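Peer 1: Encoded as structure tokens, here's the structure I'll be asking about.
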Amino acid sequence: MRIISNLRTLARHLLLPGFVLLAISGGVRAQDTAPASSSTVATAPQYSTTHVYVEPADVDHFVKAFLGTFGGQSTKQVVATVTPTPSSTTSQLLQTPVGTVSLFAFKTPVPYPFGAERTGYMVTDVDEAVAAARAAGADVLVSTFPDPIGRDAVVQFPGGVNMQLYSHTTSPSYEPFQAVPENRVYVSADRADDFINAFLKFSHGNLVADDTKAHGAEIGRPNDTYRHARIASNFGNVSVFVTDGHLPYPHGREVTGYEVADLSSTLEKARASGAKVLVEPFYSSGRNSAFVLFPGGYVAEIHALTGP
């Protein structure tokens, strides 16, 4: 969700990116895999955020832990209206070399359906993007609405995957990520193909992997296998977990996976900054992974590539 305010000065502080996701398999970075064709509405992976909602009392703790873990900086915190109906929240953008978070702490009840969207995609034109999403099979949950620095909408892809689309009147300029994060989408077998096909059509991306016998350790079930698909596009990367929903905590609660150079040192930083390691490092599909709980309840997967 992008920050919206009655003050145009927010544009200097909160030019929030859109939607970013990374799929990695066997040590191959999806950002190194070019999509078959460019989307007519996509911008680039760095213009994306993961949407994180916390209680006001948890904001400072979350910021300290997240930036302490990954590095980077925060934009100035503002109080803004970020929905088309009356509401109030503190908002800020946490920009790190491996992913960006749009952080919200509502002072009022959160209007439906906000809070359920996982990410925000920056697009070249919201009307075109909404039309493309609808043509691909998505539902439009929140019709396009204006704000002082652009326009927004919320769509839902098959399988109940909510995403926000937005554009800026004046486009921001961000450096590419050092490593593109992955959007981790959990869907049922009943809707997996519908989601994959819809998102491929919308994003003009590539299905870079579709493993029907992926190692179950990735979903907390090391004695089982499951289907794991990966999509790369100009929006970024998506990792699709097709499961029966029998998921031990915290698997399925994380919406983003972050790639780091050294997992051990990153986890040390996370602990020192106030985060908790929920799942200790394990190896699968060419990478070591762990799950971390940040103050306020945000769960993230963190991984480092190790080769085949």
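Going through the structure tokens in order, the chains are called A, B, and so on, while each chain numbers its residues from 1 and the ligands are numbered from 1 in the order shown.
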Residues of stretch 59-171 of chain A that approach stretch 46-53 of chain A to 10 Å or less, counting only C-alpha atoms: could you list each one with the shortest pair of atoms and its distance in Å to one decimal, rows by chain and increasing residue number, as a Markdown table?
Peer 2:
| residue | atom | partner | partner_atom | distance |
| --- | --- | --- | --- | --- |
| A:Val59 | CA | A:Tyr53 | CA | 9.2 |
| A:Phe62 | CA | A:Val52 | CA | 9.9 |
| A:Thr89 | CA | A:Tyr53 | CA | 9.8 |
| A:Ser91 | CA | A:Tyr53 | CA | 9.6 |
| A:Leu93 | CA | A:Thr49 | CA | 8.4 |
| A:Leu94 | CA | A:Thr49 | CA | 9.0 |
| A:Gln95 | CA | A:Thr49 | CA | 9.0 |
| A:Pro97 | CA | A:Gln46 | CA | 9.5 |
| A:Val98 | CA | A:Gln46 | CA | 9.3 |
| A:Gly99 | CA | A:Thr49 | CA | 7.2 |
| A:Thr100 | CA | A:Thr49 | CA | 4.9 |
| A:Val101 | CA | A:Thr50 | CA | 4.8 |
| A:Ser102 | CA | A:His51 | CA | 4.9 |
| A:Leu103 | CA | A:Val52 | CA | 5.0 |
| A:Phe104 | CA | A:Tyr53 | CA | 4.8 |
| A:Ala105 | CA | A:Tyr53 | CA | 5.8 |
| A:Phe106 | CA | A:Tyr53 | CA | 7.8 |
| A:Val110 | CA | A:Tyr53 | CA | 9.8 |
| A:Phe114 | CA | A:Tyr53 | CA | 9.9 |
| A:Gly115 | CA | A:Tyr53 | CA | 6.8 |
| A:Ala116 | CA | A:His51 | CA | 8.9 |
| A:Glu117 | CA | A:His51 | CA | 7.1 |
| A:Arg118 | CA | A:His51 | CA | 5.5 |
| A:Thr119 | CA | A:Thr50 | CA | 4.6 |
| A:Gly120 | CA | A:Thr49 | CA | 5.6 |
| A:Tyr121 | CA | A:Ser48 | CA | 5.4 |
| A:Met122 | CA | A:Tyr47 | CA | 5.8 |
| A:Val123 | CA | A:Tyr47 | CA | 8.8 |
| A:Met163 | CA | A:His51 | CA | 9.6 |
| A:Gln164 | CA | A:His51 | CA | 9.5 |
| A:Leu165 | CA | A:Ser48 | CA | 9.8 |
| A:Tyr166 | CA | A:Ser48 | CA | 10.0 |
| A:Ser171 | CA | A:Tyr47 | CA | 9.8 |
Peer 1: As a list in words, please: the residues near A:Gly297 (cut-off 12 Å, only C-alpha atoms, same-chain neighbours under 4 positions excluded).
Peer 2: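 My list of contacting residues is Val52, Tyr53, Val54, Glu55, Asp58, Val59, His61, Phe62, Ala65, Phe66, Pro250, Arg253, Glu254, Gly274, Ala275, Lys276, Leu278, Val292 and Leu293 of chain A.
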Peer 1: Check the smallest atom-to-atom distance from each of A:Ser173, A:Ser233, A:Asn223, A:Thr243 to A:Ala192 using only C-alpha atoms, then report the winner.
Peer 2: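 Going through A:Ser173, A:Ser233, A:Asn223, A:Thr243 one by one, the smallest distance to A:Ala192 is for A:Thr243.
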Peer 1: Could you pull out the strand (DSSP E or B) residues of stretch 1-226 of chain A from DSSP and send them as an MDAnalysis selection string?
Peer 2: chainID A and resid 18 24:25 28:29 42 48:53 73:74 78:80 89:96 99:106 119:123 139:147 150:157 161:168 182:188 206:215 225:226
Peer 1: Just the residues within 7 Å of A:His215, please, counting only C-alpha atoms, with nothing from its chain fewer than 3 positions along; format it as a ChimeraX atom specification.
Peer 2: /A:218,222,224-226,284
Peer 1: Would you write out, as a tab-separated table, a table of all residues in stretch 178-290 of chain A that have an atom no more than 12 Å from an atom of stretch 68-80 of chain A, listing for each the closest atom pair and the distance in Å to one decimal, considering only C-alpha atoms and ordering rows by chain and rising residue number?
Peer 2:
residue	atom	partner	partner_atom	distance
A:Gln178	CA	A:Phe70	CA	11.3
A:Ala179	CA	A:Phe70	CA	11.4
A:Pro181	CA	A:Phe70	CA	11.9
A:Tyr258	CA	A:Phe70	CA	9.1
A:Glu259	CA	A:Phe70	CA	9.9
A:Val260	CA	A:Phe70	CA	8.2
A:Ala261	CA	A:Phe70	CA	10.6
A:Asp262	CA	A:Phe70	CA	11.0
A:Leu263	CA	A:Thr69	CA	10.6
A:Ser264	CA	A:Thr69	CA	11.2
A:Ser265	CA	A:Thr69	CA	9.1
A:Thr266	CA	A:Thr69	CA	6.0
A:Leu267	CA	A:Thr69	CA	7.3
A:Glu268	CA	A:Thr69	CA	8.2
A:Lys269	CA	A:Thr69	CA	5.0
A:Ala270	CA	A:Thr69	CA	4.6
A:Arg271	CA	A:Thr69	CA	8.3
A:Ala272	CA	A:Gly68	CA	8.0
A:Ser273	CA	A:Gly68	CA	5.6
A:Gly274	CA	A:Gly68	CA	8.8
A:Ala275	CA	A:Thr69	CA	8.5
A:Lys276	CA	A:Thr69	CA	11.1
A:Val277	CA	A:Thr69	CA	11.8
Peer 1: Only N, CA and C atoms, please: the residues just picked out, written as a PDB file, in the first residue's frame.
Peer 2:
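Wrote part_35.pdb, looks like this:
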ATOM      1  N   GLN A 178      20.548  -5.296  -4.170  1.00  0.00           N
ATOM      2  CA  GLN A 178      21.703  -6.183  -4.266  1.00  0.00           C
ATOM      3  C   GLN A 178      21.244  -7.617  -4.500  1.00  0.00           C
ATOM      4  N   ALA A 179      20.137  -7.978  -3.892  1.00  0.00           N
ATOM      5  CA  ALA A 179      19.508  -9.277  -4.110  1.00  0.00           C
ATOM      6  C   ALA A 179      18.007  -9.062  -4.029  1.00  0.00           C
ATOM      7  N   PRO A 181      14.264  -9.771  -3.276  1.00  0.00           N
ATOM      8  CA  PRO A 181      13.535 -10.683  -2.383  1.00  0.00           C
ATOM      9  C   PRO A 181      12.498 -11.495  -3.155  1.00  0.00           C
ATOM     10  N   TYR A 258      14.170 -13.178   2.024  1.00  0.00           N
ATOM     11  CA  TYR A 258      15.262 -12.234   1.775  1.00  0.00           C
ATOM     12  C   TYR A 258      16.572 -12.991   1.579  1.00  0.00           C
ATOM     13  N   GLU A 259      17.268 -12.684   0.495  1.00  0.00           N
ATOM     14  CA  GLU A 259      18.555 -13.310   0.224  1.00  0.00           C
ATOM     15  C   GLU A 259      19.692 -12.467   0.795  1.00  0.00           C
ATOM     16  N   VAL A 260      20.568 -13.099   1.566  1.00  0.00           N
ATOM     17  CA  VAL A 260      21.710 -12.412   2.161  1.00  0.00           C
ATOM     18  C   VAL A 260      22.979 -13.158   1.782  1.00  0.00           C
ATOM     19  N   ALA A 261      24.118 -12.502   1.954  1.00  0.00           N
ATOM     20  CA  ALA A 261      25.394 -13.123   1.596  1.00  0.00           C
ATOM     21  C   ALA A 261      25.825 -14.141   2.636  1.00  0.00           C
ATOM     22  N   ASP A 262      25.558 -13.871   3.909  1.00  0.00           N
ATOM     23  CA  ASP A 262      25.994 -14.735   5.000  1.00  0.00           C
ATOM     24  C   ASP A 262      24.840 -14.906   5.973  1.00  0.00           C
ATOM     25  N   LEU A 263      24.254 -16.093   5.987  1.00  0.00           N
ATOM     26  CA  LEU A 263      23.073 -16.314   6.826  1.00  0.00           C
ATOM     27  C   LEU A 263      23.421 -16.259   8.312  1.00  0.00           C
ATOM     28  N   SER A 264      24.530 -16.852   8.709  1.00  0.00           N
ATOM     29  CA  SER A 264      24.876 -16.892  10.133  1.00  0.00           C
ATOM     30  C   SER A 264      25.044 -15.498  10.718  1.00  0.00           C
ATOM     31  N   SER A 265      25.794 -14.647  10.022  1.00  0.00           N
ATOM     32  CA  SER A 265      26.007 -13.297  10.541  1.00  0.00           C
ATOM     33  C   SER A 265      24.718 -12.489  10.524  1.00  0.00           C
ATOM     34  N   THR A 266      23.864 -12.728   9.538  1.00  0.00           N
ATOM     35  CA  THR A 266      22.585 -12.020   9.491  1.00  0.00           C
ATOM     36  C   THR A 266      21.701 -12.414  10.659  1.00  0.00           C
ATOM     37  N   LEU A 267      21.677 -13.690  10.991  1.00  0.00           N
ATOM     38  CA  LEU A 267      20.877 -14.134  12.129  1.00  0.00           C
ATOM     39  C   LEU A 267      21.431 -13.592  13.439  1.00  0.00           C
ATOM     40  N   GLU A 268      22.740 -13.465  13.530  1.00  0.00           N
ATOM     41  CA  GLU A 268      23.337 -12.846  14.718  1.00  0.00           C
ATOM     42  C   GLU A 268      22.874 -11.404  14.847  1.00  0.00           C
ATOM     43  N   LYS A 269      22.855 -10.687  13.743  1.00  0.00           N
ATOM     44  CA  LYS A 269      22.375  -9.301  13.759  1.00  0.00           C
ATOM     45  C   LYS A 269      20.908  -9.242  14.137  1.00  0.00           C
ATOM     46  N   ALA A 270      20.116 -10.189  13.617  1.00  0.00           N
ATOM     47  CA  ALA A 270      18.690 -10.213  13.924  1.00  0.00           C
ATOM     48  C   ALA A 270      18.471 -10.397  15.421  1.00  0.00           C
ATOM     49  N   ARG A 271      19.147 -11.363  16.007  1.00  0.00           N
ATOM     50  CA  ARG A 271      19.004 -11.606  17.453  1.00  0.00           C
ATOM     51  C   ARG A 271      19.430 -10.384  18.263  1.00  0.00           C
ATOM     52  N   ALA A 272      20.548  -9.791  17.870  1.00  0.00           N
ATOM     53  CA  ALA A 272      21.062  -8.631  18.609  1.00  0.00           C
ATOM     54  C   ALA A 272      20.150  -7.428  18.490  1.00  0.00           C
ATOM     55  N   SER A 273      19.343  -7.380  17.431  1.00  0.00           N
ATOM     56  CA  SER A 273      18.464  -6.236  17.185  1.00  0.00           C
ATOM     57  C   SER A 273      17.067  -6.425  17.760  1.00  0.00           C
ATOM     58  N   GLY A 274      16.790  -7.598  18.330  1.00  0.00           N
ATOM     59  CA  GLY A 274      15.493  -7.811  18.962  1.00  0.00           C
ATOM     60  C   GLY A 274      14.582  -8.778  18.252  1.00  0.00           C
ATOM     61  N   ALA A 275      15.062  -9.415  17.177  1.00  0.00           N
ATOM     62  CA  ALA A 275      14.264 -10.416  16.477  1.00  0.00           C
ATOM     63  C   ALA A 275      14.527 -11.796  17.061  1.00  0.00           C
ATOM     64  N   LYS A 276      13.658 -12.750  16.737  1.00  0.00           N
ATOM     65  CA  LYS A 276      13.763 -14.103  17.263  1.00  0.00           C
ATOM     66  C   LYS A 276      13.843 -15.097  16.107  1.00  0.00           C
ATOM     67  N   VAL A 277      14.787 -16.026  16.166  1.00  0.00           N
ATOM     68  CA  VAL A 277      14.894 -17.064  15.145  1.00  0.00           C
ATOM     69  C   VAL A 277      13.905 -18.179  15.494  1.00  0.00           C
TER      70      VAL A 277
END
Peer 1: For A:Ala135, which residue out of A:Lys201, A:Lys107, A:Arg227, A:Arg191 is the nearest one, using only C-alpha atoms?
Peer 2: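 Answer, going by the shortest atom-to-atom distance: A:Lys201.
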Peer 1: Please run DSSP on the backbone and report, as an MDAnalysis selection string, all residues within stretch 73-168 of chain A that come out as helix (DSSP H, G or I).
Peer 2: chainID A and resid 126:136
Peer 1: Could you tell me how far atom CA of A:Asn288 lies from atom CA of A:Tyr186, in Å and to one decimal?
Peer 2: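 Taking atom CA of A:Asn288 and atom CA of A:Tyr186, their separation equals 20.1 Å.
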Peer 1: Find the residues around A:Ser143 up to 10 Å (only C-alpha atoms counted), leave out those fewer than 5 positions away in its own chain, and share them as a list of chain:residue names.
Peer 2: A:Pro84, A:Asp127, A:Val130, A:Asp152, A:Ala153, A:Val154, A:Val155
Peer 1: Can I get the selection written as a PDB file, in the first residue's frame, with C-alpha atoms?
Peer 2:
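Here's the written file again_38.pdb:
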ATOM      1  CA  PRO A  84      -9.993   5.698   0.091  1.00  0.00           C
ATOM      2  CA  ASP A 127      -6.006   1.870 -15.263  1.00  0.00           C
ATOM      3  CA  VAL A 130      -6.255  -3.002 -13.372  1.00  0.00           C
ATOM      4  CA  ASP A 152      -4.023   3.099  -6.427  1.00  0.00           C
ATOM      5  CA  ALA A 153      -6.117  -0.078  -6.570  1.00  0.00           C
ATOM      6  CA  VAL A 154      -6.176  -3.479  -4.842  1.00  0.00           C
ATOM      7  CA  VAL A 155      -6.642  -6.723  -6.769  1.00  0.00           C
TER       8      VAL A 155
END
Peer 1: As an exercise, work out the distance from atom CA of A:Thr81 to atom CA of A:Pro172 in Å and give it to one decimal place.
Peer 2: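 About the pair atom CA of A:Thr81 and atom CA of A:Pro172: they are 20.4 Å apart.
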Peer 1: Expressed in Å to a single decimal, how great is the separation between atom CA of A:Asp147 and atom CA of A:Pro113?
Peer 2: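 Distance reported for this atom pair: 17.8 Å.
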Peer 1: Nearest to A:Thr96: which of A:Pro176, A:Pro158, A:Gly220, A:Pro111 is it, counting only C-alpha atoms?
Peer 2: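 Distance minimum relative to A:Thr96 lands on A:Pro176.
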